[in-house]
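Working notes, structure below.
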Protein chains: 2
Amino acid sequence: MPRTPEANQRIREAQRARILESARIVFARKGMEATIADIATEAQISLGLAYRYFADKEAIFAELIKQMVPEASEGLQSLLEMPGTPGERLYELISGIVGARGKRQALEAHQLLNHALDADAMPEKTRELLSRRYQSLLETMRQLIVEGQATGEIVRGDPDQLVAIMSACLDGLTRWALRDPEQFRTYVPDARIIMRLFQPSRTEMSNFEAP
Amino acid sequence: MPRTPEANQRIREAQRARILESARIVFARKGMEATIADIATEAQISLGLAYRYFADKEAIFAELIKQMVPEASEGLQSLLEMPGTPGERLYELISGIVGARGKRQALEAHQLLNHALDADAMPEKTRELLSRRYQSLLETMRQLIVEGQATGEIVRGDPDQLVAIMSACLDGLTRWALRDPEQFRTYVPDARIIMRLFQPSRTEMSNFEAP
């Protein structure tokens, strides 16, 4: 009995998913040295079959990153429209980022990105995609800071400076999570400490604020 | 007229300083690929003369790091004995670290350390020296946090957690300073924003503290 078009479609989708999952494992193990042949071997398919799904290793890599990195930017619009104060929504945003650092899959994505950046092997399209996603994340953060400054929840000051310092700290936290995921999960259960960067000063703390 | 022993000593010290300065330039340019021959060329001396001062490239590297990295740990003891509240002394400590990130020489030292770590080419003795200095920095920070928690200047909570999160953030700031020194100096004129990580909460901010 010949396969229906639907069954063929299902098989193709399963193959594609299998190739991507194998690529994830192989890239994590070998970094950008990995070849499409390594990926085919891991997926237990022929090299020819792998090429029927992806033009080259870069195409697999790009698709993989696209799948792995959405969580940081997804729902940014809905976050802006969420009920609650700007400070609460900002907490949700930062909390989501910090929480993702505790998850294996998100960490693997970061490791993969670092490999690609170190090897100067980031496909141009992927670089653009990531840069767009990162920019919209920063813009969302900036908007919530400005709104939170208006309500008095967020410390006064240049919002660009606050965004820049927060992203540097998040970058440091990411490196920590990559270096020692266990310790990171123990010490950073949530985003409360990091959110203090945005906390208005108490007058008692004025000694830290001067001169 | 033969040279006096004092004159000879001065000449030796000047040669040694010249080799180290040339090594700094060469390592910054070539990373750990640099050879002792490159360094001799930069110093405009013969290879044989360079070897009279240093046994090998690693010895030059180790001495260079030793010279370049003192500022973070020097004066830690005097900091603990400084007048002022624990919070003020902690501000001095963090401020010194952040301030150093704005300075060219300290940034070069970090770049050099990164090169060595990436190339897995850190001499064992230098690794130990750095690790000891970093540990005493963290211990000083921890002690001041504990004292500041007693005076109410520093937020309550596990001091190890506060130390760990602060060092992750400082690491992120360092990477930022390396990537874009100009922007870093514009946005991080001092340590006030970073010190907020240690700031006790205002009750008005309790929405960030729950649940």
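Chain labels follow the order of the structure tokens: the first chain is A, the next B, and so on; residue numbering restarts at 1 in every chain, and ligands are counted from 1 in their shown order.
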
For a quick test of understanding: name the residues of chain A lying within 9 Å of chain B when counting only C-alpha atoms, and present them as a count of residues only. 43

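One distance worth recording is that between CA of Arg29 (chain B) and CA of Lys125 (chain B), which is 23.5 Å.
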
Taking the chain letters and numbering used in this document, name the residues of region 20-171 of chain B that DSSP puts in alpha helix (DSSP H), as a short mmCIF file (atom, residue, chain, number, x, y, z; two decimals) with N, CA, C and O atoms, in the first residue's frame.
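So the final result, stored in states38.cif, reads:
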```
data_model
loop_
_atom_site.label_atom_id
_atom_site.label_comp_id
_atom_site.auth_asym_id
_atom_site.auth_seq_id
_atom_site.Cartn_x
_atom_site.Cartn_y
_atom_site.Cartn_z
N LEU B 20 60.19 43.36 29.81
CA LEU B 20 58.81 43.18 30.26
C LEU B 20 57.84 44.09 29.50
O LEU B 20 56.75 43.67 29.10
N GLU B 21 58.26 45.32 29.27
CA GLU B 21 57.42 46.26 28.53
C GLU B 21 57.23 45.77 27.09
O GLU B 21 56.11 45.82 26.55
N SER B 22 58.30 45.25 26.49
CA SER B 22 58.19 44.71 25.13
C SER B 22 57.28 43.49 25.12
O SER B 22 56.49 43.29 24.19
N ALA B 23 57.39 42.65 26.16
CA ALA B 23 56.56 41.45 26.24
C ALA B 23 55.09 41.84 26.31
O ALA B 23 54.23 41.23 25.68
N ARG B 24 54.80 42.89 27.08
CA ARG B 24 53.43 43.36 27.21
C ARG B 24 52.85 43.71 25.83
O ARG B 24 51.74 43.30 25.47
N ILE B 25 53.66 44.42 25.04
CA ILE B 25 53.21 44.82 23.71
C ILE B 25 53.02 43.60 22.81
O ILE B 25 52.02 43.45 22.11
N VAL B 26 54.00 42.69 22.86
CA VAL B 26 53.97 41.53 21.97
C VAL B 26 52.85 40.57 22.34
O VAL B 26 52.12 40.07 21.47
N PHE B 27 52.66 40.32 23.63
CA PHE B 27 51.57 39.43 24.05
C PHE B 27 50.21 40.03 23.68
O PHE B 27 49.29 39.32 23.27
N ALA B 28 50.09 41.36 23.84
CA ALA B 28 48.82 42.01 23.50
C ALA B 28 48.53 41.84 22.01
O ALA B 28 47.38 41.67 21.61
N ARG B 29 49.61 41.85 21.19
CA ARG B 29 49.43 41.76 19.74
C ARG B 29 49.20 40.32 19.29
O ARG B 29 48.35 40.03 18.48
N LYS B 30 50.01 39.39 19.83
CA LYS B 30 50.01 38.02 19.30
C LYS B 30 49.39 37.00 20.23
O LYS B 30 49.29 35.82 19.86
N ILE B 36 59.74 34.09 22.65
CA ILE B 36 60.73 34.93 23.32
C ILE B 36 61.55 35.69 22.26
O ILE B 36 62.00 36.82 22.51
N ALA B 37 61.68 35.11 21.07
CA ALA B 37 62.37 35.81 19.98
C ALA B 37 61.61 37.07 19.57
O ALA B 37 62.22 38.13 19.34
N ASP B 38 60.28 36.96 19.49
CA ASP B 38 59.46 38.15 19.18
C ASP B 38 59.72 39.25 20.21
O ASP B 38 59.81 40.43 19.88
N ILE B 39 59.78 38.82 21.47
CA ILE B 39 59.95 39.79 22.55
C ILE B 39 61.32 40.46 22.46
O ILE B 39 61.45 41.68 22.60
N ALA B 40 62.36 39.66 22.18
CA ALA B 40 63.71 40.21 22.04
C ALA B 40 63.76 41.21 20.88
O ALA B 40 64.35 42.29 21.00
N THR B 41 63.10 40.86 19.77
CA THR B 41 63.07 41.77 18.61
C THR B 41 62.42 43.10 19.00
O THR B 41 62.94 44.17 18.70
N GLU B 42 61.27 43.00 19.66
CA GLU B 42 60.56 44.22 20.09
C GLU B 42 61.44 45.06 21.01
O GLU B 42 61.44 46.29 20.94
N ALA B 43 62.20 44.38 21.88
CA ALA B 43 63.05 45.10 22.84
C ALA B 43 64.36 45.56 22.20
O ALA B 43 65.18 46.21 22.85
N LEU B 47 68.55 37.59 21.27
CA LEU B 47 67.84 36.51 21.95
C LEU B 47 68.64 36.02 23.15
O LEU B 47 68.09 35.76 24.23
N GLY B 48 69.98 35.94 22.96
CA GLY B 48 70.85 35.48 24.05
C GLY B 48 70.74 36.37 25.28
O GLY B 48 70.65 35.88 26.41
N LEU B 49 70.66 37.68 25.04
CA LEU B 49 70.55 38.61 26.17
C LEU B 49 69.22 38.41 26.89
O LEU B 49 69.15 38.40 28.12
N ALA B 50 68.15 38.22 26.10
CA ALA B 50 66.83 37.99 26.72
C ALA B 50 66.88 36.78 27.64
O ALA B 50 66.34 36.80 28.74
N TYR B 51 67.56 35.72 27.17
CA TYR B 51 67.65 34.49 27.98
C TYR B 51 68.49 34.69 29.24
O TYR B 51 68.41 33.88 30.15
N ARG B 52 69.33 35.72 29.28
CA ARG B 52 70.07 35.97 30.52
C ARG B 52 69.17 36.54 31.60
O ARG B 52 69.48 36.48 32.78
N TYR B 53 68.03 37.07 31.19
CA TYR B 53 67.11 37.65 32.18
C TYR B 53 65.96 36.71 32.54
O TYR B 53 65.47 36.72 33.66
N LYS B 57 59.73 31.91 27.91
CA LYS B 57 58.60 32.81 27.69
C LYS B 57 57.65 32.78 28.88
O LYS B 57 57.08 33.81 29.27
N GLU B 58 57.45 31.58 29.43
CA GLU B 58 56.52 31.43 30.56
C GLU B 58 56.96 32.29 31.75
O GLU B 58 56.13 32.86 32.46
N ALA B 59 58.27 32.35 31.96
CA ALA B 59 58.79 33.15 33.09
C ALA B 59 58.49 34.63 32.86
O ALA B 59 58.13 35.36 33.80
N ILE B 60 58.64 35.07 31.63
CA ILE B 60 58.32 36.47 31.32
C ILE B 60 56.83 36.72 31.54
O ILE B 60 56.42 37.69 32.18
N PHE B 61 56.05 35.79 31.02
CA PHE B 61 54.60 35.93 31.15
C PHE B 61 54.19 36.00 32.62
O PHE B 61 53.41 36.86 33.02
N ALA B 62 54.75 35.09 33.42
CA ALA B 62 54.39 35.03 34.84
C ALA B 62 54.74 36.34 35.56
O ALA B 62 53.95 36.87 36.33
N GLU B 63 55.92 36.88 35.24
CA GLU B 63 56.35 38.12 35.88
C GLU B 63 55.46 39.29 35.47
O GLU B 63 55.10 40.14 36.29
N LEU B 64 55.09 39.27 34.20
CA LEU B 64 54.25 40.33 33.66
C LEU B 64 52.89 40.34 34.35
O LEU B 64 52.38 41.39 34.76
N ILE B 65 52.30 39.16 34.49
CA ILE B 65 51.00 39.05 35.14
C ILE B 65 51.11 39.52 36.60
O ILE B 65 50.26 40.27 37.09
N LYS B 66 52.18 39.10 37.25
CA LYS B 66 52.40 39.49 38.64
C LYS B 66 52.44 41.01 38.78
O LYS B 66 51.87 41.58 39.70
N GLN B 67 53.10 41.65 37.84
CA GLN B 67 53.17 43.12 37.86
C GLN B 67 51.83 43.77 37.56
O GLN B 67 51.51 44.83 38.09
N MET B 68 51.07 43.12 36.67
CA MET B 68 49.89 43.78 36.15
C MET B 68 48.66 43.59 37.03
O MET B 68 47.72 44.37 36.96
N LEU B 76 44.20 45.13 50.57
CA LEU B 76 42.98 44.52 51.12
C LEU B 76 42.98 44.61 52.64
O LEU B 76 41.95 44.90 53.25
N GLN B 77 44.14 44.36 53.22
CA GLN B 77 44.22 44.41 54.67
C GLN B 77 43.95 45.82 55.18
O GLN B 77 43.16 46.03 56.09
N SER B 78 44.59 46.80 54.54
CA SER B 78 44.40 48.18 54.97
C SER B 78 42.95 48.61 54.76
O SER B 78 42.42 49.43 55.50
N LEU B 79 42.30 48.02 53.74
CA LEU B 79 40.88 48.32 53.51
C LEU B 79 40.04 47.88 54.69
O LEU B 79 39.14 48.59 55.14
N LEU B 80 40.36 46.68 55.22
CA LEU B 80 39.60 46.15 56.36
C LEU B 80 39.77 47.04 57.59
O LEU B 80 38.90 47.11 58.44
N GLU B 81 40.95 47.70 57.65
CA GLU B 81 41.24 48.51 58.84
C GLU B 81 40.90 49.99 58.65
O GLU B 81 41.07 50.80 59.57
N PRO B 86 31.32 49.47 57.50
CA PRO B 86 31.59 48.34 56.59
C PRO B 86 31.04 48.61 55.19
O PRO B 86 31.70 48.29 54.19
N GLY B 87 29.86 49.23 55.13
CA GLY B 87 29.27 49.53 53.82
C GLY B 87 30.15 50.47 53.02
O GLY B 87 30.33 50.29 51.82
N GLU B 88 30.71 51.47 53.68
CA GLU B 88 31.59 52.41 52.99
C GLU B 88 32.86 51.73 52.50
O GLU B 88 33.35 51.98 51.41
N ARG B 89 33.38 50.83 53.36
CA ARG B 89 34.60 50.12 52.94
C ARG B 89 34.32 49.16 51.79
O ARG B 89 35.12 49.01 50.87
N LEU B 90 33.15 48.54 51.82
CA LEU B 90 32.75 47.66 50.72
C LEU B 90 32.62 48.49 49.44
O LEU B 90 33.03 48.05 48.35
N TYR B 91 32.06 49.69 49.57
CA TYR B 91 31.96 50.57 48.40
C TYR B 91 33.35 50.87 47.85
O TYR B 91 33.55 50.85 46.63
N GLU B 92 34.31 51.14 48.75
CA GLU B 92 35.69 51.40 48.33
C GLU B 92 36.24 50.22 47.52
O GLU B 92 36.88 50.38 46.50
N LEU B 93 35.98 49.02 48.05
CA LEU B 93 36.50 47.81 47.41
C LEU B 93 35.93 47.65 46.00
O LEU B 93 36.67 47.52 45.01
N ILE B 94 34.60 47.67 45.89
CA ILE B 94 33.93 47.46 44.60
C ILE B 94 34.30 48.58 43.64
O ILE B 94 34.58 48.36 42.46
N SER B 95 34.34 49.78 44.19
CA SER B 95 34.67 50.95 43.40
C SER B 95 36.09 50.83 42.82
O SER B 95 36.33 51.21 41.67
N GLY B 96 37.02 50.30 43.62
CA GLY B 96 38.39 50.10 43.14
C GLY B 96 38.42 49.11 41.98
O GLY B 96 39.11 49.32 40.98
N ILE B 97 37.64 48.05 42.09
CA ILE B 97 37.61 47.04 41.03
C ILE B 97 36.99 47.63 39.76
O ILE B 97 37.55 47.52 38.67
N VAL B 98 35.84 48.27 39.93
CA VAL B 98 35.16 48.85 38.76
C VAL B 98 36.03 49.93 38.12
O VAL B 98 36.17 49.99 36.90
N GLY B 99 36.65 50.75 38.96
CA GLY B 99 37.52 51.82 38.45
C GLY B 99 38.67 51.27 37.63
O GLY B 99 39.02 51.80 36.58
N ALA B 100 39.25 50.16 38.10
CA ALA B 100 40.38 49.55 37.39
C ALA B 100 39.96 49.09 35.99
O ALA B 100 40.75 49.12 35.05
N ARG B 101 38.68 48.70 35.84
CA ARG B 101 38.20 48.24 34.54
C ARG B 101 38.19 49.35 33.50
O ARG B 101 38.12 49.10 32.31
N ARG B 104 43.41 51.43 31.00
CA ARG B 104 43.99 50.67 29.90
C ARG B 104 44.87 49.52 30.39
O ARG B 104 44.74 48.39 29.95
N GLN B 105 45.75 49.83 31.34
CA GLN B 105 46.72 48.80 31.75
C GLN B 105 46.03 47.59 32.39
O GLN B 105 46.37 46.45 32.10
N ALA B 106 45.02 47.87 33.23
CA ALA B 106 44.31 46.77 33.88
C ALA B 106 43.54 45.95 32.85
O ALA B 106 43.45 44.72 32.95
N LEU B 107 42.99 46.63 31.85
CA LEU B 107 42.25 45.92 30.80
C LEU B 107 43.18 45.02 30.00
O LEU B 107 42.84 43.90 29.66
N GLU B 108 44.37 45.56 29.70
CA GLU B 108 45.35 44.75 28.97
C GLU B 108 45.71 43.50 29.75
O GLU B 108 45.88 42.42 29.19
N ALA B 109 45.86 43.66 31.08
CA ALA B 109 46.16 42.51 31.91
C ALA B 109 45.06 41.46 31.78
O ALA B 109 45.33 40.26 31.64
N HIS B 110 43.82 41.92 31.78
CA HIS B 110 42.70 40.98 31.66
C HIS B 110 42.69 40.30 30.31
O HIS B 110 42.42 39.11 30.20
N GLN B 111 42.96 41.08 29.29
CA GLN B 111 43.01 40.52 27.93
C GLN B 111 44.07 39.41 27.89
O GLN B 111 43.84 38.32 27.36
N LEU B 112 45.20 39.71 28.48
CA LEU B 112 46.32 38.77 28.52
C LEU B 112 45.91 37.50 29.26
O LEU B 112 46.16 36.37 28.81
N LEU B 113 45.25 37.68 30.39
CA LEU B 113 44.78 36.52 31.17
C LEU B 113 43.79 35.70 30.35
O LEU B 113 43.87 34.46 30.33
N ASN B 114 42.89 36.37 29.64
CA ASN B 114 41.93 35.65 28.82
C ASN B 114 42.62 34.85 27.73
O ASN B 114 42.28 33.70 27.49
N HIS B 115 43.59 35.50 27.07
CA HIS B 115 44.36 34.80 26.04
C HIS B 115 44.96 33.52 26.61
O HIS B 115 44.85 32.45 26.03
N ALA B 116 45.59 33.67 27.78
CA ALA B 116 46.29 32.53 28.39
C ALA B 116 45.30 31.43 28.76
O ALA B 116 45.55 30.24 28.56
N LEU B 117 44.15 31.84 29.30
CA LEU B 117 43.15 30.84 29.70
C LEU B 117 42.57 30.15 28.47
O LEU B 117 42.45 28.93 28.44
N ASP B 118 42.25 30.94 27.43
CA ASP B 118 41.69 30.35 26.22
C ASP B 118 42.67 29.37 25.58
O ASP B 118 42.28 28.33 25.08
N GLU B 124 51.50 27.19 35.63
CA GLU B 124 50.88 26.71 36.87
C GLU B 124 51.09 27.69 38.02
O GLU B 124 50.16 27.99 38.77
N LYS B 125 52.32 28.22 38.15
CA LYS B 125 52.60 29.14 39.26
C LYS B 125 51.77 30.40 39.17
O LYS B 125 51.30 30.93 40.17
N THR B 126 51.58 30.89 37.95
CA THR B 126 50.78 32.10 37.76
C THR B 126 49.32 31.81 38.09
O THR B 126 48.63 32.62 38.71
N ARG B 127 48.87 30.63 37.67
CA ARG B 127 47.49 30.24 37.97
C ARG B 127 47.26 30.24 39.48
O ARG B 127 46.27 30.76 39.97
N GLU B 128 48.23 29.69 40.21
CA GLU B 128 48.11 29.64 41.67
C GLU B 128 48.12 31.04 42.28
O GLU B 128 47.33 31.35 43.17
N LEU B 129 49.04 31.88 41.79
CA LEU B 129 49.12 33.26 42.29
C LEU B 129 47.79 33.98 42.09
O LEU B 129 47.25 34.61 43.01
N LEU B 130 47.25 33.86 40.89
CA LEU B 130 45.99 34.55 40.59
C LEU B 130 44.87 34.00 41.44
O LEU B 130 44.03 34.76 41.94
N SER B 131 44.84 32.71 41.59
CA SER B 131 43.78 32.08 42.36
C SER B 131 43.84 32.53 43.82
O SER B 131 42.81 32.84 44.42
N ARG B 132 45.06 32.62 44.37
CA ARG B 132 45.21 33.10 45.76
C ARG B 132 44.72 34.54 45.88
O ARG B 132 44.02 34.90 46.81
N ARG B 133 45.12 35.38 44.91
CA ARG B 133 44.72 36.80 44.98
C ARG B 133 43.22 36.96 44.84
O ARG B 133 42.61 37.76 45.53
N TYR B 134 42.64 36.18 43.95
CA TYR B 134 41.20 36.26 43.74
C TYR B 134 40.47 35.78 44.98
O TYR B 134 39.50 36.40 45.41
N GLN B 135 40.96 34.70 45.59
CA GLN B 135 40.34 34.19 46.81
C GLN B 135 40.37 35.23 47.93
O GLN B 135 39.38 35.41 48.63
N SER B 136 41.52 35.90 48.10
CA SER B 136 41.58 36.85 49.21
C SER B 136 40.68 38.06 48.93
O SER B 136 40.11 38.64 49.85
N LEU B 137 40.51 38.39 47.66
CA LEU B 137 39.56 39.44 47.31
C LEU B 137 38.14 39.04 47.70
O LEU B 137 37.41 39.81 48.35
N LEU B 138 37.76 37.82 47.36
CA LEU B 138 36.41 37.35 47.68
C LEU B 138 36.20 37.25 49.19
O LEU B 138 35.12 37.57 49.70
N GLU B 139 37.25 36.82 49.89
CA GLU B 139 37.13 36.71 51.35
C GLU B 139 36.96 38.08 52.00
O GLU B 139 36.18 38.24 52.95
N THR B 140 37.70 39.06 51.48
CA THR B 140 37.55 40.43 52.00
C THR B 140 36.13 40.93 51.76
O THR B 140 35.50 41.50 52.64
N MET B 141 35.65 40.68 50.55
CA MET B 141 34.29 41.10 50.21
C MET B 141 33.29 40.44 51.15
O MET B 141 32.40 41.10 51.71
N ARG B 142 33.46 39.16 51.37
CA ARG B 142 32.54 38.42 52.24
C ARG B 142 32.55 38.98 53.66
O ARG B 142 31.51 39.19 54.26
N GLN B 143 33.76 39.27 54.17
CA GLN B 143 33.87 39.78 55.53
C GLN B 143 33.15 41.13 55.67
O GLN B 143 32.42 41.36 56.64
N LEU B 144 33.34 42.00 54.69
CA LEU B 144 32.68 43.30 54.73
C LEU B 144 31.17 43.17 54.61
O LEU B 144 30.42 43.94 55.22
N ILE B 145 30.72 42.20 53.83
CA ILE B 145 29.26 41.96 53.71
C ILE B 145 28.69 41.55 55.06
O ILE B 145 27.68 42.10 55.52
N VAL B 146 29.37 40.61 55.71
CA VAL B 146 28.89 40.13 57.02
C VAL B 146 28.84 41.29 58.01
O VAL B 146 27.85 41.48 58.72
N GLU B 147 29.91 42.10 58.04
CA GLU B 147 29.93 43.25 58.95
C GLU B 147 28.83 44.25 58.59
O GLU B 147 28.18 44.81 59.48
N GLY B 148 28.62 44.46 57.30
CA GLY B 148 27.60 45.41 56.84
C GLY B 148 26.19 44.90 57.10
O GLY B 148 25.27 45.70 57.29
N GLN B 149 26.03 43.59 57.11
CA GLN B 149 24.71 43.04 57.46
C GLN B 149 24.42 43.30 58.94
O GLN B 149 23.28 43.58 59.32
N ALA B 150 25.48 43.26 59.76
CA ALA B 150 25.30 43.51 61.19
C ALA B 150 24.89 44.97 61.44
O ALA B 150 24.08 45.25 62.31
N THR B 151 25.45 45.90 60.64
CA THR B 151 25.08 47.31 60.84
C THR B 151 23.79 47.66 60.10
O THR B 151 23.29 48.78 60.24
N PRO B 159 25.74 35.42 52.69
CA PRO B 159 26.84 36.24 52.16
C PRO B 159 27.57 35.57 50.98
O PRO B 159 28.03 36.27 50.07
N ASP B 160 27.65 34.26 50.98
CA ASP B 160 28.30 33.59 49.85
C ASP B 160 27.54 33.81 48.55
O ASP B 160 28.13 33.96 47.48
N GLN B 161 26.21 33.83 48.69
CA GLN B 161 25.39 34.09 47.51
C GLN B 161 25.64 35.51 46.99
O GLN B 161 25.80 35.73 45.80
N LEU B 162 25.70 36.47 47.93
CA LEU B 162 25.94 37.86 47.52
C LEU B 162 27.31 38.01 46.86
O LEU B 162 27.45 38.69 45.85
N VAL B 163 28.31 37.35 47.44
CA VAL B 163 29.66 37.40 46.85
C VAL B 163 29.63 36.80 45.45
O VAL B 163 30.18 37.37 44.50
N ALA B 164 28.98 35.65 45.32
CA ALA B 164 28.97 34.95 44.02
C ALA B 164 28.28 35.79 42.95
O ALA B 164 28.77 35.91 41.82
N ILE B 165 27.15 36.39 43.31
CA ILE B 165 26.41 37.18 42.32
C ILE B 165 27.19 38.45 41.97
O ILE B 165 27.30 38.82 40.80
N MET B 166 27.79 39.09 42.99
CA MET B 166 28.60 40.27 42.70
C MET B 166 29.78 39.91 41.78
O MET B 166 30.07 40.64 40.83
N SER B 167 30.44 38.79 42.03
CA SER B 167 31.59 38.48 41.16
C SER B 167 31.14 38.16 39.75
O SER B 167 31.83 38.51 38.79
N ALA B 168 29.97 37.51 39.61
CA ALA B 168 29.47 37.25 38.25
C ALA B 168 29.21 38.57 37.54
O ALA B 168 29.56 38.74 36.37
N CYS B 169 28.63 39.53 38.26
CA CYS B 169 28.35 40.83 37.63
C CYS B 169 29.64 41.57 37.28
O CYS B 169 29.76 42.16 36.21
N LEU B 170 30.61 41.51 38.18
CA LEU B 170 31.90 42.16 37.89
C LEU B 170 32.56 41.52 36.68
O LEU B 170 33.16 42.20 35.84
N ASP B 171 32.41 40.21 36.55
CA ASP B 171 32.93 39.50 35.39
C ASP B 171 32.26 40.01 34.11
O ASP B 171 32.93 40.29 33.10
#
```

Just to confirm, what's the straight-line distance from CA of Pro123 (chain A) to CA of Gly31 (chain B) in Å (one decimal)?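 Between CA of Pro123 (chain A) and CA of Gly31 (chain B) the gap is 25.8 Å.
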